[in-house]
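Asks: Supplied structure: protein31.pdb, PDB, C-alpha atoms.
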```
ATOM      1  CA  MET U   1     -13.291 -13.004  -1.161  1.00  0.00           C
ATOM      2  CA  PHE U   2     -13.595 -15.883   1.312  1.00  0.00           C
ATOM      3  CA  GLU U   3     -12.466 -13.629   4.168  1.00  0.00           C
ATOM      4  CA  ALA U   4     -14.964 -10.936   3.165  1.00  0.00           C
ATOM      5  CA  GLY U   5     -17.782 -13.503   3.083  1.00  0.00           C
ATOM      6  CA  GLU U   6     -18.405 -12.809  -0.607  1.00  0.00           C
ATOM      7  CA  ILE U   7     -18.045 -16.444  -1.685  1.00  0.00           C
ATOM      8  CA  ASP U   8     -18.499 -19.849  -0.070  1.00  0.00           C
ATOM      9  CA  PHE U   9     -16.918 -22.056  -2.768  1.00  0.00           C
ATOM     10  CA  ALA U  10     -14.161 -21.683  -5.356  1.00  0.00           C
ATOM     11  CA  VAL U  11     -12.717 -23.936  -8.036  1.00  0.00           C
ATOM     12  CA  ILE U  12      -8.988 -23.425  -8.545  1.00  0.00           C
ATOM     13  CA  ALA U  13      -6.411 -24.814 -10.939  1.00  0.00           C
ATOM     14  CA  GLN U  14      -3.967 -25.979  -8.318  1.00  0.00           C
ATOM     15  CA  PRO U  15      -4.025 -27.206  -4.740  1.00  0.00           C
ATOM     16  CA  ALA U  16      -4.389 -24.366  -2.276  1.00  0.00           C
ATOM     17  CA  GLN U  17      -1.686 -23.547   0.206  1.00  0.00           C
ATOM     18  CA  PRO U  18      -2.492 -24.730   3.744  1.00  0.00           C
ATOM     19  CA  SER U  19      -5.203 -22.506   5.161  1.00  0.00           C
ATOM     20  CA  ALA U  20      -8.407 -22.550   7.165  1.00  0.00           C
ATOM     21  CA  LEU U  21     -10.266 -23.486   3.981  1.00  0.00           C
ATOM     22  CA  GLN U  22     -11.342 -27.015   3.214  1.00  0.00           C
ATOM     23  CA  GLN U  23     -10.222 -28.441  -0.098  1.00  0.00           C
ATOM     24  CA  GLN U  24     -10.833 -31.472  -2.253  1.00  0.00           C
ATOM     25  CA  GLU U  25      -9.237 -32.478  -5.542  1.00  0.00           C
ATOM     26  CA  ILE U  26     -12.005 -32.888  -8.128  1.00  0.00           C
ATOM     27  CA  GLY U  27      -9.931 -33.906 -11.121  1.00  0.00           C
ATOM     28  CA  GLN U  28      -7.059 -33.312 -13.469  1.00  0.00           C
ATOM     29  CA  SER U  29      -7.156 -31.033 -16.448  1.00  0.00           C
ATOM     30  CA  ALA U  30      -4.915 -29.990 -19.295  1.00  0.00           C
ATOM     31  CA  TYR U  31      -4.743 -27.332 -21.973  1.00  0.00           C
ATOM     32  CA  ALA U  32      -6.323 -27.189 -25.422  1.00  0.00           C
ATOM     33  CA  CYS U  33      -6.589 -24.742 -28.296  1.00  0.00           C
ATOM     34  CA  LEU U  34      -9.742 -22.883 -29.232  1.00  0.00           C
ATOM     35  CA  LEU U  35     -10.137 -21.365 -32.698  1.00  0.00           C
ATOM     36  CA  ASP U  36     -12.510 -20.689 -35.574  1.00  0.00           C
ATOM     37  CA  GLN U  37     -11.268 -23.364 -37.956  1.00  0.00           C
ATOM     38  CA  ARG U  38     -13.114 -21.862 -40.944  1.00  0.00           C
ATOM     39  CA  ALA U  39     -11.456 -18.477 -40.420  1.00  0.00           C
ATOM     40  CA  CYS U  40      -8.019 -19.928 -39.661  1.00  0.00           C
ATOM     41  CA  HIS U  41      -7.885 -22.291 -42.669  1.00  0.00           C
ATOM     42  CA  VAL U  42      -5.630 -24.773 -40.843  1.00  0.00           C
ATOM     43  CA  PRO U  43      -5.915 -28.549 -40.575  1.00  0.00           C
ATOM     44  CA  ILE U  44      -6.689 -30.178 -37.249  1.00  0.00           C
ATOM     45  CA  PRO U  45      -4.664 -31.408 -35.431  1.00  0.00           C
ATOM     46  CA  LEU U  46      -2.547 -28.272 -35.529  1.00  0.00           C
ATOM     47  CA  THR U  47       1.087 -28.576 -36.450  1.00  0.00           C
ATOM     48  CA  LEU U  48       3.592 -26.535 -34.479  1.00  0.00           C
ATOM     49  CA  GLU U  49       4.254 -24.392 -37.543  1.00  0.00           C
ATOM     50  CA  ASP U  50       0.544 -23.658 -38.122  1.00  0.00           C
ATOM     51  CA  TYR U  51       0.101 -22.927 -34.407  1.00  0.00           C
ATOM     52  CA  LEU U  52       2.982 -20.454 -34.340  1.00  0.00           C
ATOM     53  CA  ALA U  53       1.912 -18.838 -37.633  1.00  0.00           C
ATOM     54  CA  LEU U  54      -1.482 -17.918 -36.154  1.00  0.00           C
ATOM     55  CA  PRO U  55      -1.892 -14.790 -34.040  1.00  0.00           C
ATOM     56  CA  HIS U  56      -2.612 -15.721 -30.406  1.00  0.00           C
ATOM     57  CA  ILE U  57      -5.176 -14.379 -27.968  1.00  0.00           C
ATOM     58  CA  LEU U  58      -3.608 -14.584 -24.515  1.00  0.00           C
ATOM     59  CA  VAL U  59      -5.789 -15.030 -21.438  1.00  0.00           C
ATOM     60  CA  SER U  60      -3.798 -14.050 -18.376  1.00  0.00           C
ATOM     61  CA  PHE U  61      -4.336 -12.063 -15.198  1.00  0.00           C
ATOM     62  CA  SER U  62      -1.056 -10.253 -15.852  1.00  0.00           C
ATOM     63  CA  GLY U  63      -1.778  -9.802 -19.568  1.00  0.00           C
ATOM     64  CA  ARG U  64       1.906 -10.419 -20.265  1.00  0.00           C
ATOM     65  CA  ASP U  65       2.613 -14.139 -20.628  1.00  0.00           C
ATOM     66  CA  GLY U  66       1.377 -17.581 -19.728  1.00  0.00           C
ATOM     67  CA  ILE U  67       2.214 -21.280 -19.606  1.00  0.00           C
ATOM     68  CA  VAL U  68       2.452 -21.416 -23.420  1.00  0.00           C
ATOM     69  CA  ASP U  69       5.205 -18.801 -23.421  1.00  0.00           C
ATOM     70  CA  HIS U  70       7.170 -20.673 -20.754  1.00  0.00           C
ATOM     71  CA  VAL U  71       6.971 -23.955 -22.703  1.00  0.00           C
ATOM     72  CA  LEU U  72       7.822 -22.262 -26.008  1.00  0.00           C
ATOM     73  CA  LYS U  73      10.848 -20.602 -24.400  1.00  0.00           C
ATOM     74  CA  LYS U  74      12.175 -24.059 -23.455  1.00  0.00           C
ATOM     75  CA  LEU U  75      11.677 -25.070 -27.102  1.00  0.00           C
ATOM     76  CA  ARG U  76      13.469 -21.870 -28.212  1.00  0.00           C
ATOM     77  CA  ARG U  77      10.326 -20.685 -29.992  1.00  0.00           C
ATOM     78  CA  THR U  78       7.977 -17.724 -29.534  1.00  0.00           C
ATOM     79  CA  ARG U  79       4.443 -16.838 -30.493  1.00  0.00           C
ATOM     80  CA  ARG U  80       2.879 -13.564 -31.609  1.00  0.00           C
ATOM     81  CA  VAL U  81       0.258 -12.399 -29.124  1.00  0.00           C
ATOM     82  CA  GLN U  82      -2.294 -10.261 -30.916  1.00  0.00           C
ATOM     83  CA  SER U  83      -4.486  -9.437 -27.905  1.00  0.00           C
ATOM     84  CA  ALA U  84      -4.531 -10.131 -24.181  1.00  0.00           C
ATOM     85  CA  LEU U  85      -7.674 -10.721 -22.142  1.00  0.00           C
ATOM     86  CA  THR U  86      -8.174 -11.309 -18.435  1.00  0.00           C
ATOM     87  CA  HIS U  87     -11.216 -13.615 -18.669  1.00  0.00           C
ATOM     88  CA  PHE U  88     -11.895 -16.770 -20.701  1.00  0.00           C
ATOM     89  CA  SER U  89     -15.547 -15.797 -21.122  1.00  0.00           C
ATOM     90  CA  SER U  90     -14.601 -12.940 -23.444  1.00  0.00           C
ATOM     91  CA  LEU U  91     -12.785 -15.219 -25.933  1.00  0.00           C
ATOM     92  CA  PRO U  92     -15.615 -16.191 -28.346  1.00  0.00           C
ATOM     93  CA  PRO U  93     -16.123 -12.695 -29.800  1.00  0.00           C
ATOM     94  CA  PHE U  94     -12.360 -12.322 -30.264  1.00  0.00           C
ATOM     95  CA  LEU U  95     -12.031 -15.682 -32.051  1.00  0.00           C
ATOM     96  CA  THR U  96     -15.247 -15.979 -34.075  1.00  0.00           C
ATOM     97  CA  GLY U  97     -14.533 -15.059 -37.691  1.00  0.00           C
ATOM     98  CA  THR U  98     -10.918 -14.253 -36.833  1.00  0.00           C
ATOM     99  CA  ARG U  99      -7.666 -15.892 -37.877  1.00  0.00           C
ATOM    100  CA  ALA U 100      -6.370 -16.435 -34.315  1.00  0.00           C
ATOM    101  CA  VAL U 101      -5.972 -19.135 -31.681  1.00  0.00           C
ATOM    102  CA  SER U 102      -6.098 -19.228 -27.909  1.00  0.00           C
ATOM    103  CA  THR U 103      -4.696 -21.865 -25.576  1.00  0.00           C
ATOM    104  CA  LEU U 104      -6.629 -22.368 -22.359  1.00  0.00           C
ATOM    105  CA  PRO U 105      -7.725 -25.024 -19.891  1.00  0.00           C
ATOM    106  CA  VAL U 106      -9.572 -27.789 -21.724  1.00  0.00           C
ATOM    107  CA  HIS U 107     -12.666 -27.521 -19.525  1.00  0.00           C
ATOM    108  CA  ALA U 108     -12.978 -23.813 -20.386  1.00  0.00           C
ATOM    109  CA  ALA U 109     -12.295 -24.495 -24.085  1.00  0.00           C
ATOM    110  CA  ARG U 110     -14.986 -27.197 -24.233  1.00  0.00           C
ATOM    111  CA  SER U 111     -17.538 -25.022 -22.459  1.00  0.00           C
ATOM    112  CA  LEU U 112     -16.879 -22.036 -24.727  1.00  0.00           C
ATOM    113  CA  ALA U 113     -16.938 -24.208 -27.859  1.00  0.00           C
ATOM    114  CA  ALA U 114     -20.332 -25.620 -26.860  1.00  0.00           C
ATOM    115  CA  ILE U 115     -21.899 -22.151 -26.837  1.00  0.00           C
ATOM    116  CA  SER U 116     -19.958 -20.535 -29.683  1.00  0.00           C
ATOM    117  CA  GLY U 117     -19.369 -23.160 -32.399  1.00  0.00           C
ATOM    118  CA  LEU U 118     -15.592 -22.699 -32.146  1.00  0.00           C
ATOM    119  CA  THR U 119     -13.276 -25.710 -32.535  1.00  0.00           C
ATOM    120  CA  VAL U 120     -11.323 -27.325 -29.702  1.00  0.00           C
ATOM    121  CA  CYS U 121      -8.137 -29.204 -30.528  1.00  0.00           C
ATOM    122  CA  ALA U 122      -4.932 -30.374 -28.901  1.00  0.00           C
ATOM    123  CA  ALA U 123      -2.075 -27.936 -28.530  1.00  0.00           C
ATOM    124  CA  PRO U 124       0.977 -28.996 -30.565  1.00  0.00           C
ATOM    125  CA  ILE U 125       3.352 -28.346 -27.664  1.00  0.00           C
ATOM    126  CA  PRO U 126       3.904 -30.391 -24.473  1.00  0.00           C
ATOM    127  CA  LEU U 127       1.806 -28.484 -21.942  1.00  0.00           C
ATOM    128  CA  PRO U 128       1.539 -29.977 -18.434  1.00  0.00           C
ATOM    129  CA  SER U 129      -1.654 -31.230 -16.836  1.00  0.00           C
ATOM    130  CA  TYR U 130      -2.709 -29.795 -13.483  1.00  0.00           C
ATOM    131  CA  THR U 131      -4.960 -30.496 -10.518  1.00  0.00           C
ATOM    132  CA  VAL U 132      -8.409 -28.888 -10.233  1.00  0.00           C
ATOM    133  CA  SER U 133      -9.510 -28.417  -6.623  1.00  0.00           C
ATOM    134  CA  LEU U 134     -12.643 -27.268  -4.857  1.00  0.00           C
ATOM    135  CA  LEU U 135     -12.242 -24.922  -1.868  1.00  0.00           C
ATOM    136  CA  TRP U 136     -14.865 -24.023   0.696  1.00  0.00           C
ATOM    137  CA  GLN U 137     -15.254 -22.532   4.135  1.00  0.00           C
ATOM    138  CA  ARG U 138     -16.000 -24.862   7.029  1.00  0.00           C
ATOM    139  CA  THR U 139     -19.038 -22.725   7.870  1.00  0.00           C
ATOM    140  CA  ALA U 140     -20.440 -23.222   4.367  1.00  0.00           C
ATOM    141  CA  ASP U 141     -19.874 -26.972   4.198  1.00  0.00           C
ATOM    142  CA  THR U 142     -22.868 -28.210   2.240  1.00  0.00           C
ATOM    143  CA  LEU U 143     -22.346 -31.729   0.895  1.00  0.00           C
ATOM    144  CA  TRP U 144     -24.970 -31.423  -1.860  1.00  0.00           C
ATOM    145  CA  MET U 145     -23.415 -28.172  -3.156  1.00  0.00           C
ATOM    146  CA  ARG U 146     -19.929 -29.723  -3.221  1.00  0.00           C
ATOM    147  CA  GLN U 147     -21.340 -32.712  -5.119  1.00  0.00           C
ATOM    148  CA  LEU U 148     -23.164 -30.415  -7.567  1.00  0.00           C
ATOM    149  CA  ILE U 149     -19.952 -28.493  -8.313  1.00  0.00           C
ATOM    150  CA  ARG U 150     -17.888 -31.706  -8.610  1.00  0.00           C
ATOM    151  CA  ASP U 151     -20.428 -33.258 -10.975  1.00  0.00           C
ATOM    152  CA  ALA U 152     -20.516 -30.146 -13.177  1.00  0.00           C
ATOM    153  CA  PHE U 153     -16.737 -30.135 -13.527  1.00  0.00           C
ATOM    154  CA  GLN U 154     -16.571 -33.878 -14.155  1.00  0.00           C
ATOM    155  CA  GLN U 155     -18.676 -33.297 -17.278  1.00  0.00           C
ATOM    156  CA  VAL U 156     -16.089 -30.959 -18.833  1.00  0.00           C
ATOM    157  CA  LEU U 157     -12.802 -32.282 -17.437  1.00  0.00           C
ATOM    158  CA  PRO U 158     -10.901 -34.594 -19.767  1.00  0.00           C
ATOM    159  CA  GLU U 159     -10.798 -38.324 -19.097  1.00  0.00           C
ATOM    160  CA  PRO U 160      -7.518 -39.240 -17.362  1.00  0.00           C
ATOM    161  CA  GLU U 161      -6.385 -41.402 -20.284  1.00  0.00           C
ATOM    162  CA  THR U 162      -6.772 -38.470 -22.723  1.00  0.00           C
ATOM    163  CA  LEU U 163      -4.777 -35.912 -20.735  1.00  0.00           C
ATOM    164  CA  SER U 164      -1.587 -36.747 -22.606  1.00  0.00           C
ATOM    165  CA  LEU U 165      -3.422 -36.411 -25.951  1.00  0.00           C
ATOM    166  CA  LEU U 166      -4.548 -32.849 -25.299  1.00  0.00           C
TER
END
```
Would you mind writing the file's structure down as structure tokens?
Replies:
Amino acid sequence: MFEAGEIDFAVIAQPAQPSALQQQEIGQSAYACLLDQRACHVPIPLTLEDYLALPHILVSFSGRDGIVDHVLKKLRRTRRVQSALTHFSSLPPFLTGTRAVSTLPVHAARSLAAISGLTVCAAPIPLPSYTVSLLWQRTADTLWMRQLIRDAFQQVLPEPETLSLL
């Protein structure tokens, strides 16, 4: 999309490979669970058993597996994926009033919870944190726009000291 001139900025969940694009780390993030606590009838924080007993809504470009599945495999556990979506923004209708959970980046979970009334909580498995970076083209280097994007993400990224708690 950069090459086609369709976008000037992008926020990604990992450092970019060396390229002609400029990049700046804007924070660290982690993963959290999003669910309708009333429909799920589970206590928060989730136990591993409650987490695995719930059907899962997977958000993945491939629609096949994700970081949760890789971590669970190391723990010799599995989850039951009820549905797979390709975009976080479509989660609220799938979770509202439904006995299901989704595990996603904490900044996405917090943003979706703010508009949907869903509950955000820590995942009961050891999911890694990751770097969030801003990419832009040299020709579109606008300091105020980079600051605007950084500030917006700082509002939803977890505080560094809470990353291990999520």
Asks: Identify the residues within 9 Å of coordinate (2.7, -29.0, -28.9) (same frame as the file), considering all atoms listed in the file, and give the answer as an mmCIF file with C-alpha atoms, in the frame of the given file.
Replies:
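As written to disk, selection26.cif reads:
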```cif
data_model
loop_
_atom_site.group_PDB
_atom_site.id
_atom_site.type_symbol
_atom_site.label_atom_id
_atom_site.label_comp_id
_atom_site.auth_asym_id
_atom_site.auth_seq_id
_atom_site.Cartn_x
_atom_site.Cartn_y
_atom_site.Cartn_z
ATOM 1 C CA LEU U 46 -2.547 -28.272 -35.529
ATOM 2 C CA THR U 47 1.087 -28.576 -36.450
ATOM 3 C CA LEU U 48 3.592 -26.535 -34.479
ATOM 4 C CA TYR U 51 0.101 -22.927 -34.407
ATOM 5 C CA LEU U 72 7.822 -22.262 -26.008
ATOM 6 C CA ALA U 122 -4.932 -30.374 -28.901
ATOM 7 C CA ALA U 123 -2.075 -27.936 -28.530
ATOM 8 C CA PRO U 124 0.977 -28.996 -30.565
ATOM 9 C CA ILE U 125 3.352 -28.346 -27.664
ATOM 10 C CA PRO U 126 3.904 -30.391 -24.473
ATOM 11 C CA LEU U 127 1.806 -28.484 -21.942
ATOM 12 C CA LEU U 166 -4.548 -32.849 -25.299
#
```
Asks: Using the chain letters and numbers from the file, give me the residues hit by the PyMOL selection byres ((chain U and resi 140) around 12), as a count of residues only.
Replies: 20
Asks: Under the PyMOL selection byres ((chain U and resi 42) around 12), which residues of this model are included? Write them out as a PyMOL selection string.
Replies: chain U and resi 35-41+43-54+99-101+119+121
Asks: Please compute the atom CA of Leu118 of chain U-atom CA of Val11 of chain U distance, one decimal, in Å.
Replies: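 A separation of 24.3 Å between them.
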Asks: Figure out the distance between atom CA of Gln147 of chain U and atom CA of Ala20 of chain U, please, to one decimal in Å.
Replies: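 Computed distance, atom CA of Ala20 of chain U to atom CA of Gln147 of chain U, equals 20.5 Å.
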Asks: To one decimal place, how far is atom CA of Phe94 of chain U from atom CA of Ala30 of chain U in Å?
Replies: 22.1 Å
Asks: Apply the PyMOL selection byres ((chain U and resi 152) around 12) to the displayed file and report the matching residues as a ChimeraX atom specification.
Replies: /U:11,26-27,107,111,134,145-151,153-157
Asks: Kindly save the residues from that selection, with C-alpha atoms included, as a compact mmCIF listing (two decimals), in the frame of the given file.
Replies:
```txt
# COMPACT_ATOMS: atom_id res chain seq x y z
CA VAL U 11 -12.72 -23.94 -8.04
CA ILE U 26 -12.00 -32.89 -8.13
CA GLY U 27 -9.93 -33.91 -11.12
CA HIS U 107 -12.67 -27.52 -19.52
CA SER U 111 -17.54 -25.02 -22.46
CA LEU U 134 -12.64 -27.27 -4.86
CA MET U 145 -23.42 -28.17 -3.16
CA ARG U 146 -19.93 -29.72 -3.22
CA GLN U 147 -21.34 -32.71 -5.12
CA LEU U 148 -23.16 -30.42 -7.57
CA ILE U 149 -19.95 -28.49 -8.31
CA ARG U 150 -17.89 -31.71 -8.61
CA ASP U 151 -20.43 -33.26 -10.98
CA PHE U 153 -16.74 -30.14 -13.53
CA GLN U 154 -16.57 -33.88 -14.16
CA GLN U 155 -18.68 -33.30 -17.28
CA VAL U 156 -16.09 -30.96 -18.83
CA LEU U 157 -12.80 -32.28 -17.44
```
Asks: Which is closer to Ala114 of chain U than all the others in U:Met1, U:Ile67, U:Leu34, U:Gln14, using all atoms listed in the file?
Replies: U:Leu34
Asks: Measuring atom to atom with only C-alpha atoms, identify which of U:Lys73, U:His56, U:Arg64, U:Arg110 is nearest to Thr86 of chain U.
Replies: U:Arg64
Asks: Closest to Ser89 of chain U among U:Ser129, U:Leu104, U:Gln24, U:Ile12, using all atoms listed in the file?
Replies: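 Selected residue with least distance to Ser89 of chain U: U:Leu104.
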Asks: Put segment 61-72 of chain U into a file with N, CA and C atoms, as a short mmCIF file (atom, residue, chain, number, x, y, z; two decimals), in the first residue's frame.
Replies:
```cif
data_model
loop_
_atom_site.label_atom_id
_atom_site.label_comp_id
_atom_site.auth_asym_id
_atom_site.auth_seq_id
_atom_site.Cartn_x
_atom_site.Cartn_y
_atom_site.Cartn_z
N PHE U 61 -5.27 -13.32 10.22
CA PHE U 61 -5.30 -13.16 8.77
C PHE U 61 -5.47 -14.51 8.08
N SER U 62 -4.83 -15.54 8.63
CA SER U 62 -4.92 -16.87 8.02
C SER U 62 -6.23 -17.56 8.37
N GLY U 63 -6.84 -17.17 9.51
CA GLY U 63 -8.07 -17.82 9.95
C GLY U 63 -7.84 -19.21 10.51
N ARG U 64 -6.59 -19.59 10.72
CA ARG U 64 -6.28 -20.95 11.15
C ARG U 64 -5.78 -21.04 12.59
N ASP U 65 -4.81 -20.21 12.95
CA ASP U 65 -4.28 -20.25 14.31
C ASP U 65 -3.63 -18.92 14.63
N GLY U 66 -3.19 -18.80 15.88
CA GLY U 66 -2.59 -17.55 16.31
C GLY U 66 -1.63 -17.79 17.46
N ILE U 67 -1.18 -16.72 18.07
CA ILE U 67 -0.21 -16.79 19.16
C ILE U 67 -0.73 -17.64 20.31
N VAL U 68 -2.02 -17.57 20.59
CA VAL U 68 -2.61 -18.36 21.68
C VAL U 68 -2.40 -19.85 21.42
N ASP U 69 -2.62 -20.27 20.19
CA ASP U 69 -2.47 -21.69 19.87
C ASP U 69 -1.02 -22.15 20.01
N HIS U 70 -0.08 -21.29 19.66
CA HIS U 70 1.34 -21.63 19.79
C HIS U 70 1.73 -21.77 21.27
N VAL U 71 1.25 -20.86 22.10
CA VAL U 71 1.55 -20.93 23.54
C VAL U 71 0.87 -22.14 24.17
N LEU U 72 -0.40 -22.38 23.82
CA LEU U 72 -1.11 -23.53 24.37
C LEU U 72 -0.44 -24.85 23.96
#
```
